[in-house]
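Peer 1: Pasting in a structure now, in structure tokens, and then I'll have a few things to ask.
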Amino acid sequence: MIENLQNALSQAPSDRVIEFSDNTFLVDAALIGELLHVPATSVPILMREGRITSVCERGTGQDEGEFRLTFFYRSRRARLITDPAGRLLRRSAIDFGERPIPDALRRGAG
């Protein structure tokens, strides 16, 4: 099931959710928590414990300049697409239910 699909093209630059610095991405824990159904205060803890994992991909071809950040927790996958300035273009979350997330999806394929 896909939920929380949102087109955020109209966001002003000051509404950026993703910050880039020294080849590092900084994402608001509230956004990750919302999409993965965990409290924002738990996000950093779960990431340090390796229970929330992530993959970052750089767009090519028609997606040149965009980044796809994907976060995994239990049976959920959250995905954020940003432009080069860090503005959120799209976000989505999928709950795989009782089935575990396929390993291929954890590696960014799909």
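We label chains A, B, ... in the order they appear in the structure tokens, count residues from 1 in each chain, and number ligands from 1 in the order shown.
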May I have the residues within 10 Å of Phe25 in chain A as a VMD selection string, using only C-alpha atoms and disregarding those fewer than 4 positions away in the same chain?
Peer 2: chain A and resid 18 to 21 56 69 86
Peer 1: Residues as selected, C-alpha atoms, written as a PDB file, in the first residue's frame, can you do that?
Peer 2:
ATOM      1  CA  ILE A  18      16.777  18.325   3.283  1.00  0.00           C
ATOM      2  CA  GLU A  19      20.090  20.087   3.870  1.00  0.00           C
ATOM      3  CA  PHE A  20      23.339  19.193   2.111  1.00  0.00           C
ATOM      4  CA  SER A  21      26.716  19.805   3.704  1.00  0.00           C
ATOM      5  CA  CYS A  56      21.018   7.590  -1.160  1.00  0.00           C
ATOM      6  CA  LEU A  69      16.799   9.128  -0.188  1.00  0.00           C
ATOM      7  CA  GLY A  86      17.327  20.257  -1.230  1.00  0.00           C
TER       8      GLY A  86
END
Peer 1: Could you name the residues that touch range 42-45 of chain A at 12 Å or less, counting only C-alpha atoms, but leaving out those on the same chain fewer than 2 positions away, as a PyMOL selection string?
Peer 2: chain A and resi 26-40+47-54+71-73
Peer 1: In Å to one decimal, how far is CA of Arg87 in chain A from CA of Thr70 in chain A?
Peer 2: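 We find that CA of Thr70 in chain A and CA of Arg87 in chain A lie 15.6 Å from each other.
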Peer 1: Residues within 12 Å of Glu66 in chain A, please, as a PyMOL selection string. Count only C-alpha atoms; anything in the same chain fewer than 6 positions from it doesn't count.
Peer 2: chain A and resi 18+56-60+80-90
Peer 1: Any chance you can output those residues with N, CA, C and O atoms as a PDB file, in the first residue's frame?
Peer 2:
ATOM      1  N   ILE A  18      15.503  19.014   3.421  1.00  0.00           N
ATOM      2  CA  ILE A  18      16.777  18.325   3.283  1.00  0.00           C
ATOM      3  C   ILE A  18      17.889  19.360   3.170  1.00  0.00           C
ATOM      4  O   ILE A  18      17.806  20.277   2.369  1.00  0.00           O
ATOM      5  N   CYS A  56      21.077   6.336  -0.417  1.00  0.00           N
ATOM      6  CA  CYS A  56      21.018   7.590  -1.160  1.00  0.00           C
ATOM      7  C   CYS A  56      21.435   7.309  -2.599  1.00  0.00           C
ATOM      8  O   CYS A  56      22.438   6.650  -2.841  1.00  0.00           O
ATOM      9  N   GLU A  57      20.655   7.818  -3.548  1.00  0.00           N
ATOM     10  CA  GLU A  57      20.959   7.644  -4.966  1.00  0.00           C
ATOM     11  C   GLU A  57      20.903   8.995  -5.666  1.00  0.00           C
ATOM     12  O   GLU A  57      20.044   9.810  -5.373  1.00  0.00           O
ATOM     13  N   ARG A  58      21.836   9.205  -6.590  1.00  0.00           N
ATOM     14  CA  ARG A  58      21.890  10.431  -7.383  1.00  0.00           C
ATOM     15  C   ARG A  58      21.212  10.155  -8.721  1.00  0.00           C
ATOM     16  O   ARG A  58      21.490   9.148  -9.375  1.00  0.00           O
ATOM     17  N   GLY A  59      20.328  11.060  -9.130  1.00  0.00           N
ATOM     18  CA  GLY A  59      19.606  10.889 -10.377  1.00  0.00           C
ATOM     19  C   GLY A  59      20.500  11.008 -11.597  1.00  0.00           C
ATOM     20  O   GLY A  59      21.486  11.746 -11.597  1.00  0.00           O
ATOM     21  N   THR A  60      20.147  10.284 -12.647  1.00  0.00           N
ATOM     22  CA  THR A  60      20.846  10.361 -13.925  1.00  0.00           C
ATOM     23  C   THR A  60      19.799  10.563 -15.024  1.00  0.00           C
ATOM     24  O   THR A  60      18.606  10.401 -14.789  1.00  0.00           O
ATOM     25  N   LEU A  80      12.195   9.870  -0.253  1.00  0.00           N
ATOM     26  CA  LEU A  80      12.172  11.315  -0.447  1.00  0.00           C
ATOM     27  C   LEU A  80      12.946  11.633  -1.716  1.00  0.00           C
ATOM     28  O   LEU A  80      14.069  11.141  -1.893  1.00  0.00           O
ATOM     29  N   ILE A  81      12.379  12.443  -2.586  1.00  0.00           N
ATOM     30  CA  ILE A  81      13.046  12.893  -3.804  1.00  0.00           C
ATOM     31  C   ILE A  81      13.263  14.393  -3.656  1.00  0.00           C
ATOM     32  O   ILE A  81      12.317  15.130  -3.369  1.00  0.00           O
ATOM     33  N   THR A  82      14.512  14.853  -3.848  1.00  0.00           N
ATOM     34  CA  THR A  82      14.815  16.274  -3.709  1.00  0.00           C
ATOM     35  C   THR A  82      15.445  16.816  -4.987  1.00  0.00           C
ATOM     36  O   THR A  82      16.010  16.069  -5.777  1.00  0.00           O
ATOM     37  N   ASP A  83      15.347  18.125  -5.136  1.00  0.00           N
ATOM     38  CA  ASP A  83      16.060  18.784  -6.232  1.00  0.00           C
ATOM     39  C   ASP A  83      17.464  19.138  -5.724  1.00  0.00           C
ATOM     40  O   ASP A  83      17.787  18.884  -4.559  1.00  0.00           O
ATOM     41  N   PRO A  84      18.326  19.706  -6.583  1.00  0.00           N
ATOM     42  CA  PRO A  84      19.705  20.005  -6.164  1.00  0.00           C
ATOM     43  C   PRO A  84      19.804  20.984  -4.993  1.00  0.00           C
ATOM     44  O   PRO A  84      20.786  20.981  -4.267  1.00  0.00           O
ATOM     45  N   ALA A  85      18.757  21.816  -4.788  1.00  0.00           N
ATOM     46  CA  ALA A  85      18.772  22.780  -3.683  1.00  0.00           C
ATOM     47  C   ALA A  85      18.258  22.171  -2.382  1.00  0.00           C
ATOM     48  O   ALA A  85      18.234  22.833  -1.365  1.00  0.00           O
ATOM     49  N   GLY A  86      17.830  20.912  -2.427  1.00  0.00           N
ATOM     50  CA  GLY A  86      17.327  20.257  -1.230  1.00  0.00           C
ATOM     51  C   GLY A  86      15.831  20.398  -1.021  1.00  0.00           C
ATOM     52  O   GLY A  86      15.311  19.950  -0.012  1.00  0.00           O
ATOM     53  N   ARG A  87      15.128  20.999  -1.981  1.00  0.00           N
ATOM     54  CA  ARG A  87      13.670  21.113  -1.864  1.00  0.00           C
ATOM     55  C   ARG A  87      13.036  19.757  -2.114  1.00  0.00           C
ATOM     56  O   ARG A  87      13.390  19.057  -3.056  1.00  0.00           O
ATOM     57  N   LEU A  88      12.079  19.434  -1.292  1.00  0.00           N
ATOM     58  CA  LEU A  88      11.381  18.161  -1.401  1.00  0.00           C
ATOM     59  C   LEU A  88      10.449  18.196  -2.604  1.00  0.00           C
ATOM     60  O   LEU A  88       9.563  19.051  -2.691  1.00  0.00           O
ATOM     61  N   LEU A  89      10.655  17.285  -3.557  1.00  0.00           N
ATOM     62  CA  LEU A  89       9.811  17.204  -4.749  1.00  0.00           C
ATOM     63  C   LEU A  89       8.682  16.203  -4.553  1.00  0.00           C
ATOM     64  O   LEU A  89       7.542  16.453  -4.938  1.00  0.00           O
ATOM     65  N   ARG A  90       9.017  15.047  -3.996  1.00  0.00           N
ATOM     66  CA  ARG A  90       8.032  13.993  -3.770  1.00  0.00           C
ATOM     67  C   ARG A  90       8.420  13.229  -2.515  1.00  0.00           C
ATOM     68  O   ARG A  90       9.581  13.147  -2.161  1.00  0.00           O
TER      69      ARG A  90
END
Peer 1: Could you find all residues in range 18-69 of chain A that DSSP calls strand (DSSP E or B) from the backbone, and write them as a list in words?
Peer 2: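 For range 18-69 of chain A, the strand (DSSP E or B) set is Ile18, Glu19, Phe20, Ser21, Thr24, Phe25, Leu26, Val27, Thr53, Ser54, Val55, Cys56, Glu57, Arg58, Phe67, Arg68 and Leu69 of chain A.
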Peer 1: Selection from above, C-alpha atoms, as an mmCIF file, in the first residue's frame, can you write it?
Peer 2:
data_model
loop_
_atom_site.group_PDB
_atom_site.id
_atom_site.type_symbol
_atom_site.label_atom_id
_atom_site.label_comp_id
_atom_site.auth_asym_id
_atom_site.auth_seq_id
_atom_site.Cartn_x
_atom_site.Cartn_y
_atom_site.Cartn_z
ATOM 1 C CA ILE A 18 16.777 18.325 3.283
ATOM 2 C CA GLU A 19 20.090 20.087 3.870
ATOM 3 C CA PHE A 20 23.339 19.193 2.111
ATOM 4 C CA SER A 21 26.716 19.805 3.704
ATOM 5 C CA THR A 24 26.109 14.667 3.941
ATOM 6 C CA PHE A 25 22.322 14.877 3.978
ATOM 7 C CA LEU A 26 20.434 16.224 6.985
ATOM 8 C CA VAL A 27 16.766 15.231 7.061
ATOM 9 C CA THR A 53 18.695 2.071 7.480
ATOM 10 C CA SER A 54 18.993 4.263 4.416
ATOM 11 C CA VAL A 55 20.169 4.456 0.829
ATOM 12 C CA CYS A 56 21.018 7.590 -1.160
ATOM 13 C CA GLU A 57 20.959 7.644 -4.966
ATOM 14 C CA ARG A 58 21.890 10.431 -7.383
ATOM 15 C CA PHE A 67 18.522 12.761 -5.117
ATOM 16 C CA ARG A 68 16.473 9.815 -3.898
ATOM 17 C CA LEU A 69 16.799 9.128 -0.188
#
Peer 1: Which residue gives the smallest distance to Arg74 in chain A among A:Thr41, A:Arg91, A:Arg99, A:Gln62, with only C-alpha atoms counted?
Peer 2: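 Smallest separation from Arg74 in chain A among the options: A:Arg99.
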